[in-house]
>>> print(open('structure15.pdb').read())   # PDB, C-alpha atoms and all ligand atoms
ATOM      1  CA  MET A 391       9.938  25.323 -37.052
ATOM      2  CA  ASN A 392      10.121  23.798 -33.643
ATOM      3  CA  HIS A 393      10.486  20.015 -33.665
ATOM      4  CA  PRO A 394       8.179  18.611 -30.961
ATOM      5  CA  HIS A 395      10.989  16.531 -29.515
ATOM      6  CA  GLN A 396      13.202  19.533 -28.851
ATOM      7  CA  THR A 397      11.410  21.425 -26.090
ATOM      8  CA  SER A 398       8.048  20.644 -24.532
ATOM      9  CA  ASP A 399       8.202  16.963 -25.383
ATOM     10  CA  ILE A 400      11.736  16.444 -24.214
ATOM     11  CA  THR A 401      10.569  14.146 -21.392
ATOM     12  CA  GLN A 402       8.749  11.896 -23.847
ATOM     13  CA  ALA A 403      11.687  12.103 -26.261
ATOM     14  CA  VAL A 404      14.045  10.687 -23.622
ATOM     15  CA  LEU A 405      11.592   7.923 -22.726
ATOM     16  CA  ASP A 406      11.076   7.080 -26.419
ATOM     17  CA  ARG A 407      14.823   6.531 -26.730
ATOM     18  CA  LEU A 408      14.599   3.485 -24.382
ATOM     19  CA  ALA A 409      15.128   0.289 -26.368
ATOM     20  CA  ASP A 410      12.289  -2.249 -26.332
ATOM     21  CA  ASP A 411      14.430  -5.102 -25.043
ATOM     22  CA  THR A 412      15.660  -3.420 -21.825
ATOM     23  CA  ASP A 413      15.242  -5.203 -18.497
ATOM     24  CA  PRO A 414      11.622  -4.524 -17.380
ATOM     25  CA  ARG A 415      12.460  -3.375 -13.829
ATOM     26  CA  PHE A 416      15.328  -1.186 -15.061
ATOM     27  CA  ARG A 417      12.934   0.274 -17.607
ATOM     28  CA  GLU A 418      10.433   1.087 -14.855
ATOM     29  CA  ILE A 419      13.116   2.673 -12.647
ATOM     30  CA  ILE A 420      14.834   4.793 -15.306
ATOM     31  CA  THR A 421      11.422   5.947 -16.603
ATOM     32  CA  GLY A 422      10.527   7.097 -13.079
ATOM     33  CA  VAL A 423      13.889   8.836 -12.682
ATOM     34  CA  VAL A 424      13.468  10.745 -15.968
ATOM     35  CA  ARG A 425       9.823  11.676 -15.286
ATOM     36  CA  HIS A 426      10.463  12.858 -11.730
ATOM     37  CA  ALA A 427      13.705  14.686 -12.551
ATOM     38  CA  HIS A 428      12.026  16.556 -15.391
ATOM     39  CA  ALA A 429       8.958  17.307 -13.248
ATOM     40  CA  LEU A 430      11.210  18.633 -10.474
ATOM     41  CA  VAL A 431      13.064  20.953 -12.831
ATOM     42  CA  ARG A 432       9.736  22.240 -14.188
ATOM     43  CA  GLU A 433       8.124  22.606 -10.762
ATOM     44  CA  LEU A 434      11.092  24.573  -9.390
ATOM     45  CA  ASP A 435      11.672  26.472 -12.649
ATOM     46  CA  LEU A 436      15.287  25.522 -11.955
ATOM     47  CA  LYS A 437      17.968  27.978 -13.128
ATOM     48  CA  PRO A 438      21.204  26.771 -14.810
ATOM     49  CA  GLY A 439      23.311  28.015 -11.872
ATOM     50  CA  GLU A 440      21.106  26.105  -9.431
ATOM     51  CA  TRP A 441      21.425  22.904 -11.456
ATOM     52  CA  MET A 442      25.214  23.390 -11.517
ATOM     53  CA  ASN A 443      25.153  23.809  -7.709
ATOM     54  CA  ALA A 444      23.290  20.531  -7.431
ATOM     55  CA  ILE A 445      25.835  18.778  -9.662
ATOM     56  CA  GLN A 446      28.717  20.239  -7.674
ATOM     57  CA  PHE A 447      27.056  19.183  -4.411
ATOM     58  CA  LEU A 448      26.627  15.579  -5.615
ATOM     59  CA  THR A 449      30.196  15.596  -6.944
ATOM     60  CA  LYS A 450      31.403  16.613  -3.490
ATOM     61  CA  VAL A 451      29.269  13.911  -1.872
ATOM     62  CA  GLY A 452      31.011  11.343  -4.080
ATOM     63  CA  GLN A 453      34.463  12.772  -3.465
ATOM     64  CA  THR A 454      33.887  12.663   0.297
ATOM     65  CA  CYS A 455      33.425   8.867   0.140
ATOM     66  CA  ASP A 456      36.360   6.567   0.782
ATOM     67  CA  ASP A 457      36.654   2.970   1.990
ATOM     68  CA  LYS A 458      35.377   3.957   5.446
ATOM     69  CA  ARG A 459      33.245   7.030   4.865
ATOM     70  CA  GLN A 460      30.000   6.736   2.895
ATOM     71  CA  GLU A 461      28.620  10.225   2.319
ATOM     72  CA  PHE A 462      25.952   8.984  -0.119
ATOM     73  CA  ILE A 463      24.406   6.708   2.528
ATOM     74  CA  LEU A 464      24.487   9.691   4.868
ATOM     75  CA  LEU A 465      22.721  11.838   2.270
ATOM     76  CA  SER A 466      20.076   9.167   1.739
ATOM     77  CA  ASP A 467      19.701   8.728   5.522
ATOM     78  CA  THR A 468      19.382  12.424   6.367
ATOM     79  CA  LEU A 469      16.803  12.970   3.608
ATOM     80  CA  GLY A 470      14.715  10.102   4.984
ATOM     81  CA  VAL A 471      15.061   8.052   1.793
ATOM     82  CA  SER A 472      16.832   5.135   3.498
ATOM     83  CA  MET A 473      14.116   4.863   6.134
ATOM     84  CA  LEU A 474      11.393   5.063   3.489
ATOM     85  CA  VAL A 475      12.970   2.130   1.630
ATOM     86  CA  VAL A 476      13.222   0.199   4.929
ATOM     87  CA  GLN A 477       9.554   0.918   5.731
ATOM     88  CA  LEU A 478       8.355  -0.282   2.332
ATOM     89  CA  GLU A 479      10.381  -3.480   2.691
ATOM     90  CA  GLN A 480       8.989  -4.035   6.196
ATOM     91  CA  ALA A 481       5.403  -3.526   5.005
ATOM     92  CA  ARG A 482       6.009  -6.108   2.261
ATOM     93  CA  ARG A 483       7.476  -8.503   4.811
ATOM     94  CA  SER A 484       4.700  -7.998   7.397
ATOM     95  CA  ALA A 485       2.097  -8.811   4.771
ATOM     96  CA  GLN A 486       3.849 -12.129   4.243
ATOM     97  CA  ALA A 487       4.058 -12.801   7.987
ATOM     98  CA  LEU A 488       0.364 -12.001   8.471
ATOM     99  CA  ALA A 489      -0.469 -14.339   5.632
ATOM    100  CA  ASP A 490       1.218 -17.056   7.670
ATOM    101  CA  GLN A 491      -1.867 -18.228   9.637
ATOM    102  CA  ALA A 492      -0.001 -19.522  12.672
ATOM    103  CA  ALA A 493       2.093 -16.373  13.132
ATOM    104  CA  GLY A 494       1.560 -15.032  16.631
ATOM    105  CA  VAL A 495       4.572 -12.776  17.125
ATOM    106  CA  LYS A 496       5.101  -9.601  15.128
ATOM    107  CA  PRO A 497       8.447  -9.522  13.322
ATOM    108  CA  THR A 498      10.866  -7.044  14.934
ATOM    109  CA  GLU A 499      10.790  -3.661  13.226
ATOM    110  CA  ALA A 500      13.678  -2.786  10.951
ATOM    111  CA  THR A 501      15.557   0.483  10.704
ATOM    112  CA  VAL A 502      18.408   1.975   8.711
ATOM    113  CA  GLN A 503      21.779   0.232   8.417
ATOM    114  CA  GLY A 504      23.644   3.534   8.503
ATOM    115  CA  PRO A 505      27.143   4.192   7.174
ATOM    116  CA  PHE A 506      29.177   2.402   9.874
ATOM    117  CA  TYR A 507      28.588  -1.292   9.148
ATOM    118  CA  TRP A 508      31.903  -3.114   8.708
ATOM    119  CA  GLN A 509      31.689  -6.622   7.327
ATOM    120  CA  GLY A 510      33.667  -9.401   8.965
ATOM    121  CA  ALA A 511      33.409  -8.539  12.681
ATOM    122  CA  PRO A 512      34.995 -11.228  14.888
ATOM    123  CA  VAL A 513      32.845 -14.229  15.828
ATOM    124  CA  LEU A 514      32.844 -14.393  19.631
ATOM    125  CA  PRO A 515      31.360 -16.763  22.204
ATOM    126  CA  LEU A 516      28.152 -15.726  23.992
ATOM    127  CA  GLY A 517      28.859 -13.632  27.069
ATOM    128  CA  SER A 518      31.989 -11.963  25.622
ATOM    129  CA  ASP A 519      32.733  -8.338  26.455
ATOM    130  CA  ILE A 520      33.334  -6.168  23.378
ATOM    131  CA  GLY A 521      33.329  -2.954  25.421
ATOM    132  CA  GLU A 522      36.394  -3.730  27.501
ATOM    133  CA  GLY A 523      38.811  -0.803  27.582
ATOM    134  CA  MET A 524      36.527   1.423  25.509
ATOM    135  CA  PRO A 525      35.134   4.756  26.735
ATOM    136  CA  GLY A 526      31.601   4.267  28.054
ATOM    137  CA  GLU A 527      29.559   2.649  30.801
ATOM    138  CA  PRO A 528      29.343  -1.157  30.661
ATOM    139  CA  ALA A 529      26.055  -2.707  29.585
ATOM    140  CA  TYR A 530      24.872  -6.315  29.592
ATOM    141  CA  TYR A 531      22.664  -7.215  26.629
ATOM    142  CA  SER A 532      20.517 -10.329  26.605
ATOM    143  CA  GLY A 533      17.391 -11.762  25.080
ATOM    144  CA  ARG A 534      16.074 -14.304  22.679
ATOM    145  CA  VAL A 535      15.533 -14.725  18.966
ATOM    146  CA  THR A 536      12.373 -16.529  17.869
ATOM    147  CA  ASP A 537      10.372 -16.952  14.698
ATOM    148  CA  THR A 538       6.914 -15.381  14.331
ATOM    149  CA  ARG A 539       5.360 -18.476  15.962
ATOM    150  CA  GLY A 540       7.474 -17.951  19.069
ATOM    151  CA  GLN A 541       9.779 -20.885  18.374
ATOM    152  CA  PRO A 542      13.443 -20.268  19.283
ATOM    153  CA  ILE A 543      15.936 -19.807  16.453
ATOM    154  CA  ALA A 544      19.161 -21.543  17.432
ATOM    155  CA  ASN A 545      22.534 -20.614  15.917
ATOM    156  CA  CYS A 546      21.112 -17.300  14.691
ATOM    157  CA  CYS A 547      23.775 -14.674  14.033
ATOM    158  CA  LEU A 548      23.620 -11.318  15.799
ATOM    159  CA  ASP A 549      26.078  -8.969  14.122
ATOM    160  CA  VAL A 550      26.303  -5.991  16.517
ATOM    161  CA  TRP A 551      28.069  -2.648  16.291
ATOM    162  CA  SER A 552      27.974   0.719  18.013
ATOM    163  CA  GLY A 553      29.964   3.832  18.713
ATOM    164  CA  ASP A 554      31.814   4.167  22.016
ATOM    165  CA  GLY A 555      30.651   6.028  25.120
ATOM    166  CA  ASP A 556      31.671   9.299  23.444
ATOM    167  CA  GLY A 557      29.559   8.446  20.396
ATOM    168  CA  VAL A 558      32.549   7.717  18.138
ATOM    169  CA  TYR A 559      32.699   4.659  15.844
ATOM    170  CA  ASP A 560      35.961   2.768  15.227
ATOM    171  CA  MET A 561      35.756   3.739  11.529
ATOM    172  CA  GLN A 562      35.861   7.411  12.488
ATOM    173  CA  LYS A 563      39.096   7.073  14.463
ATOM    174  CA  SER A 564      42.278   8.181  12.771
ATOM    175  CA  GLY A 565      44.808   5.805  11.291
ATOM    176  CA  ASP A 566      44.386   2.044  11.262
ATOM    177  CA  ALA A 567      42.678   1.738  14.621
ATOM    178  CA  GLY A 568      40.949  -1.502  13.528
ATOM    179  CA  MET A 569      37.596  -2.844  14.630
ATOM    180  CA  ALA A 570      36.146  -2.037  18.039
ATOM    181  CA  LEU A 571      32.721  -2.529  19.639
ATOM    182  CA  ARG A 572      31.726  -4.992  16.929
ATOM    183  CA  ALA A 573      31.188  -8.729  17.004
ATOM    184  CA  ARG A 574      29.096 -11.579  15.722
ATOM    185  CA  PHE A 575      27.374 -13.779  18.289
ATOM    186  CA  HIS A 576      25.316 -16.922  17.700
ATOM    187  CA  THR A 577      22.258 -17.836  19.748
ATOM    188  CA  ASP A 578      22.247 -21.026  21.840
ATOM    189  CA  ALA A 579      19.867 -23.982  21.362
ATOM    190  CA  ASP A 580      17.113 -22.002  23.097
ATOM    191  CA  GLY A 581      17.574 -18.964  20.837
ATOM    192  CA  ARG A 582      19.186 -16.960  23.638
ATOM    193  CA  TYR A 583      21.995 -14.426  23.298
ATOM    194  CA  ARG A 584      24.036 -12.419  25.790
ATOM    195  CA  PHE A 585      27.070 -10.173  25.584
ATOM    196  CA  TRP A 586      28.683  -7.154  27.192
ATOM    197  CA  SER A 587      29.334  -3.850  25.483
ATOM    198  CA  ILE A 588      28.845  -0.236  26.483
ATOM    199  CA  LYS A 589      25.660   1.781  26.852
ATOM    200  CA  PRO A 590      25.431   3.727  23.583
ATOM    201  CA  THR A 591      25.225   7.497  23.702
ATOM    202  CA  PHE A 592      23.843  10.052  21.270
ATOM    203  CA  TYR A 593      26.217  11.302  18.580
ATOM    204  CA  PRO A 594      26.272  13.610  15.575
ATOM    205  CA  VAL A 595      26.416  12.061  12.106
ATOM    206  CA  PRO A 596      29.600  13.231  10.340
ATOM    207  CA  ASP A 597      28.821  16.876   9.585
ATOM    208  CA  ASP A 598      32.167  18.127   8.264
ATOM    209  CA  GLY A 599      31.258  17.285   4.645
ATOM    210  CA  PRO A 600      28.631  18.357   2.096
ATOM    211  CA  VAL A 601      25.796  16.618   4.010
ATOM    212  CA  GLY A 602      26.718  18.674   7.097
ATOM    213  CA  ASP A 603      26.559  21.846   4.960
ATOM    214  CA  MET A 604      23.121  20.757   3.765
ATOM    215  CA  LEU A 605      21.885  20.122   7.325
ATOM    216  CA  ARG A 606      23.099  23.568   8.422
ATOM    217  CA  ALA A 607      21.393  25.186   5.437
ATOM    218  CA  MET A 608      18.199  23.376   6.499
ATOM    219  CA  GLY A 609      18.562  24.589  10.095
ATOM    220  CA  ARG A 610      18.820  21.009  11.397
ATOM    221  CA  HIS A 611      20.962  19.425  14.109
ATOM    222  CA  PRO A 612      23.016  16.353  13.104
ATOM    223  CA  ASN A 613      22.362  14.186  16.182
ATOM    224  CA  ARG A 614      21.145  10.640  16.535
ATOM    225  CA  PRO A 615      19.788   9.262  19.828
ATOM    226  CA  GLY A 616      21.938   6.579  21.537
ATOM    227  CA  HIS A 617      21.571   3.174  19.871
ATOM    228  CA  ILE A 618      23.303  -0.115  19.197
ATOM    229  CA  HIS A 619      23.065  -1.628  15.706
ATOM    230  CA  MET A 620      22.119  -5.250  15.129
ATOM    231  CA  MET A 621      21.888  -7.420  12.057
ATOM    232  CA  VAL A 622      20.037 -10.615  12.936
ATOM    233  CA  TYR A 623      20.036 -13.408  10.382
ATOM    234  CA  ARG A 624      19.876 -17.111   9.749
ATOM    235  CA  ASP A 625      19.079 -19.096   6.615
ATOM    236  CA  GLY A 626      15.336 -19.613   6.243
ATOM    237  CA  TYR A 627      14.351 -16.251   7.778
ATOM    238  CA  VAL A 628      14.023 -12.730   6.481
ATOM    239  CA  PRO A 629      17.235 -11.015   7.646
ATOM    240  CA  LEU A 630      16.691  -8.098   9.997
ATOM    241  CA  THR A 631      18.733  -4.891  10.232
ATOM    242  CA  THR A 632      17.739  -2.807  13.208
ATOM    243  CA  HIS A 633      18.850  -0.813  16.294
ATOM    244  CA  LEU A 634      18.003  -0.778  19.970
ATOM    245  CA  PHE A 635      17.579   2.781  21.277
ATOM    246  CA  ALA A 636      18.232   3.814  24.893
ATOM    247  CA  ALA A 637      14.958   5.120  26.356
ATOM    248  CA  ASP A 638      16.689   7.918  28.296
ATOM    249  CA  SER A 639      18.632   9.299  25.339
ATOM    250  CA  PRO A 640      18.125  12.814  24.004
ATOM    251  CA  TYR A 641      17.034  13.272  20.365
ATOM    252  CA  LEU A 642      14.612  10.306  20.304
ATOM    253  CA  ASP A 643      12.035  12.662  18.792
ATOM    254  CA  SER A 644      14.372  14.306  16.267
ATOM    255  CA  ASP A 645      16.758  11.596  15.000
ATOM    256  CA  ALA A 646      18.818  13.115  12.155
ATOM    257  CA  VAL A 647      18.116  10.029   9.997
ATOM    258  CA  PHE A 648      14.460   9.398  10.995
ATOM    259  CA  GLY A 649      15.281   5.867  12.186
ATOM    260  CA  VAL A 650      13.476   5.713  15.556
ATOM    261  CA  ARG A 651      10.588   3.282  16.011
ATOM    262  CA  ASP A 652       8.753   3.070  19.333
ATOM    263  CA  SER A 653       9.090  -0.704  19.478
ATOM    264  CA  LEU A 654      12.893  -0.388  19.401
ATOM    265  CA  ILE A 655      13.203   1.970  22.386
ATOM    266  CA  ILE A 656      14.210   0.029  25.490
ATOM    267  CA  PRO A 657      15.125   0.920  29.066
ATOM    268  CA  PHE A 658      18.741   0.477  30.136
ATOM    269  CA  GLU A 659      18.466  -0.479  33.792
ATOM    270  CA  ARG A 660      21.272   0.899  35.964
ATOM    271  CA  HIS A 661      22.852  -1.360  38.601
ATOM    272  CA  GLU A 662      25.394  -0.671  41.343
ATOM    273  CA  ARG A 663      28.657  -2.579  41.212
ATOM    274  CA  GLY A 664      28.480  -6.191  42.322
ATOM    275  CA  ALA A 665      27.321  -9.508  40.895
ATOM    276  CA  ALA A 666      25.981  -9.191  37.351
ATOM    277  CA  PRO A 667      23.215 -11.439  35.895
ATOM    278  CA  ASP A 668      25.804 -13.721  34.264
ATOM    279  CA  GLY A 669      27.742 -14.191  37.530
ATOM    280  CA  ARG A 670      30.467 -11.730  36.621
ATOM    281  CA  THR A 671      31.539  -9.359  39.417
ATOM    282  CA  MET A 672      31.441  -5.747  38.250
ATOM    283  CA  ASP A 673      33.764  -3.290  39.984
ATOM    284  CA  ARG A 674      31.759  -0.300  38.727
ATOM    285  CA  PRO A 675      28.096   0.463  38.051
ATOM    286  CA  TYR A 676      26.674  -1.045  34.881
ATOM    287  CA  HIS A 677      23.464  -1.221  32.849
ATOM    288  CA  SER A 678      21.387  -4.073  31.554
ATOM    289  CA  ALA A 679      19.181  -4.174  28.475
ATOM    290  CA  ARG A 680      16.865  -6.980  27.382
ATOM    291  CA  TYR A 681      15.321  -7.434  23.978
ATOM    292  CA  ASP A 682      13.678 -10.335  22.159
ATOM    293  CA  PHE A 683      13.848 -10.405  18.381
ATOM    294  CA  ALA A 684      11.361 -12.117  16.070
ATOM    295  CA  LEU A 685      12.244 -13.027  12.490
ATOM    296  CA  ALA A 686       9.701 -13.690   9.751
ATOM    297  CA  PRO A 687      10.056 -16.875   7.723
ATOM    298  CA  ALA A 688      11.758 -16.302   4.378
TER     299      ALA A 688
HETATM  300 FE    FE B 701      24.782   4.330  14.628
END
>>> encode(input="structure15.pdb", output="structure tokens")
Amino acid sequence: MNHPHQTSDITQAVLDRLADDTDPRFREIITGVVRHAHALVRELDLKPGEWMNAIQFLTKVGQTCDDKRQEFILLSDTLGVSMLVVQLEQARRSAQALADQAAGVKPTEATVQGPFYWQGAPVLPLGSDIGEGMPGEPAYYSGRVTDTRGQPIANCCLDVWSGDGDGVYDMQKSGDAGMALRARFHTDADGRYRFWSIKPTFYPVPDDGPVGDMLRAMGRHPNRPGHIHMMVYRDGYVPLTTHLFAADSPYLDSDAVFGVRDSLIIPFERHERGAAPDGRTMDRPYHSARYDFALAPA
């Protein structure tokens, strides 16, 4: 005699085992996980060896993580899950901003945080150069942060980070190289910011681990178009995590992590050496990039 909870009803049997007093949101999430995992196994008619491969793959993803390398974020990013979560959050946020009758400026679009954020970047004065001595062509970044009514947000933090001109992040360098090409800047009374760094170039996501094996098996390249990361936040506003993409970069139409949004692609204007917009004299050619951010009220 086959007990109904042993085979065909195994999905329901697992769900029935959930205690009544579990946290409601946890209950919703774990129910979805069980339903979808069971449906996936059924849909694929998954074989035991294939399930073991999946477990070994995820084990390797975990083992590849250390205090600087986050292979699980990379897995989520390259499967488009991170960007999907970002898009849902943005849609939620835009609905709130639209509900705000006086809102006239669209909040800046968000994109993935990626695996290279490092908390605690140095706080530097506006106009500082974080690209000094690093490989890459100098670039002057400037713009303004406002709310969705166009009012400036003073003392707003811009936490910026990027790889160098060869597309390599400080975290990827061997040994204890320390932080590079990262800083936190705060807008002035008029919401303006300015700083120097390098013009970001395209780079491959780390592809020497299990996620790289997966990309190769999928016949995909691992490259991301050139971008600089920004986290823009101040109390009272919805914090923004985004990038600015260089308009002339390759891979804008095939970003390995699906993070490109048209509104975040900006031209990097090239200038010959000479007087820069902030009065500095540049002894080599440089670029300039302008972008205004808008934050939704919290
Ligand atoms: Fe990046």
>>> atom_distance(input="structure15.pdb", atom1="atom CA of Leu634 of chain A", atom2="atom CA of Pro612 of chain A")
19.1 Å
>>> residues_near_ligand(input="structure15.pdb", ligand="ligand FE 701 (chain B)", cutoff="7 Å", atoms="all atoms listed in the file", output="PyMOL selection string")
chain A and resi 504+506+552-553+617-619
>>> resolve_selection(input="structure15.pdb", expression="the PyMOL selection byres (((chain A and resi 442-448) around 12) and not hetatm)", output="PyMOL selection string")
chain A and resi 431+436-441+449-455+461-462+465-466+599-604
>>> residues_around(input="structure15.pdb", residues="Val622 of chain A", least_positions_apart="3", cutoff="9 Å", atoms="all atoms listed in the file", output="PyMOL selection string")
chain A and resi 535+546-550+629-632+683+685
>>> resolve_selection(input="structure15.pdb", expression="the PyMOL selection byres (((chain A and resi 586) around 8) and not hetatm)", output="ChimeraX atom specification")
/A:517-521,528-531,584-585,587-588
>>> residues_around(input="structure15.pdb", residues="Leu405 of chain A", least_positions_apart="4", cutoff="9 Å", atoms="only C-alpha atoms", output="PyMOL selection string")
chain A and resi 400-401+420-421+424-425
>>> atom_distance(input="structure15.pdb", atom1="atom CA of Gly494 of chain A", atom2="atom CA of Pro542 of chain A")
13.3 Å
>>> closest_residue(input="structure15.pdb", among="A:Tyr627, A:Tyr583, A:Trp508, A:Tyr593", to="Ala570 of chain A", atoms="all atoms listed in the file")
A:Trp508
>>> build_atoms(input="structure15.pdb", residues="segment 435-444 of chain A", atoms="all heavy atoms", output="tab-separated table (two decimals), in the coordinates of the input")
chain	number	residue	atom	x	y	z
A	435	ASP	N	11.18	25.54	-11.63
A	435	ASP	CA	11.67	26.47	-12.65
A	435	ASP	C	13.18	26.67	-12.44
A	435	ASP	O	13.68	27.79	-12.29
A	435	ASP	CB	10.92	27.82	-12.56
A	435	ASP	CG	11.25	28.72	-13.74
A	435	ASP	OD1	11.75	28.19	-14.78
A	435	ASP	OD2	11.05	29.94	-13.63
A	436	LEU	N	13.88	25.54	-12.36
A	436	LEU	CA	15.29	25.52	-11.96
A	436	LEU	C	16.17	26.32	-12.91
A	436	LEU	O	16.07	26.18	-14.13
A	436	LEU	CB	15.77	24.07	-11.89
A	436	LEU	CG	16.94	23.81	-10.95
A	436	LEU	CD1	16.52	23.95	-9.50
A	436	LEU	CD2	17.52	22.42	-11.20
A	437	LYS	N	17.05	27.16	-12.34
A	437	LYS	CA	17.97	27.98	-13.13
A	437	LYS	C	19.25	27.19	-13.39
A	437	LYS	O	19.62	26.33	-12.58
A	437	LYS	CB	18.30	29.26	-12.38
A	437	LYS	CG	17.08	30.03	-11.82
A	437	LYS	CD	16.15	30.52	-12.92
A	437	LYS	CE	14.97	31.30	-12.35
A	437	LYS	NZ	14.05	30.51	-11.51
A	438	PRO	N	19.97	27.51	-14.50
A	438	PRO	CA	21.20	26.77	-14.81
A	438	PRO	C	22.21	26.79	-13.66
A	438	PRO	O	22.85	25.77	-13.36
A	438	PRO	CB	21.76	27.51	-16.03
A	438	PRO	CG	20.55	28.12	-16.68
A	438	PRO	CD	19.61	28.48	-15.56
A	439	GLY	N	22.36	27.94	-12.99
A	439	GLY	CA	23.31	28.02	-11.87
A	439	GLY	C	22.90	27.10	-10.73
A	439	GLY	O	23.76	26.49	-10.06
A	440	GLU	N	21.59	26.98	-10.51
A	440	GLU	CA	21.11	26.10	-9.43
A	440	GLU	C	21.36	24.64	-9.77
A	440	GLU	O	21.73	23.83	-8.91
A	440	GLU	CB	19.61	26.36	-9.20
A	440	GLU	CG	19.34	27.74	-8.59
A	440	GLU	CD	17.88	28.13	-8.63
A	440	GLU	OE1	17.11	27.62	-9.47
A	440	GLU	OE2	17.49	28.98	-7.78
A	441	TRP	N	21.16	24.29	-11.04
A	441	TRP	CA	21.42	22.90	-11.46
A	441	TRP	C	22.91	22.60	-11.32
A	441	TRP	O	23.31	21.52	-10.87
A	441	TRP	CB	20.93	22.67	-12.88
A	441	TRP	CG	21.12	21.27	-13.39
A	441	TRP	CD1	21.77	20.90	-14.53
A	441	TRP	CD2	20.67	20.05	-12.77
A	441	TRP	NE1	21.75	19.54	-14.67
A	441	TRP	CE2	21.10	18.99	-13.60
A	441	TRP	CE3	19.98	19.76	-11.59
A	441	TRP	CZ2	20.84	17.65	-13.28
A	441	TRP	CZ3	19.73	18.43	-11.27
A	441	TRP	CH2	20.15	17.39	-12.12
A	442	MET	N	23.77	23.58	-11.67
A	442	MET	CA	25.21	23.39	-11.52
A	442	MET	C	25.58	23.23	-10.04
A	442	MET	O	26.41	22.39	-9.69
A	442	MET	CB	25.97	24.56	-12.15
A	442	MET	CG	27.47	24.33	-12.33
A	442	MET	SD	27.93	22.69	-12.97
A	442	MET	CE	27.43	22.86	-14.69
A	443	ASN	N	24.92	23.99	-9.15
A	443	ASN	CA	25.15	23.81	-7.71
A	443	ASN	C	24.82	22.39	-7.27
A	443	ASN	O	25.54	21.78	-6.47
A	443	ASN	CB	24.28	24.78	-6.89
A	443	ASN	CG	24.84	26.19	-6.89
A	443	ASN	OD1	26.00	26.40	-7.27
A	443	ASN	ND2	24.03	27.15	-6.48
A	444	ALA	N	23.71	21.88	-7.80
A	444	ALA	CA	23.29	20.53	-7.43
A	444	ALA	C	24.33	19.51	-7.90
A	444	ALA	O	24.70	18.59	-7.17
A	444	ALA	CB	21.92	20.22	-8.04
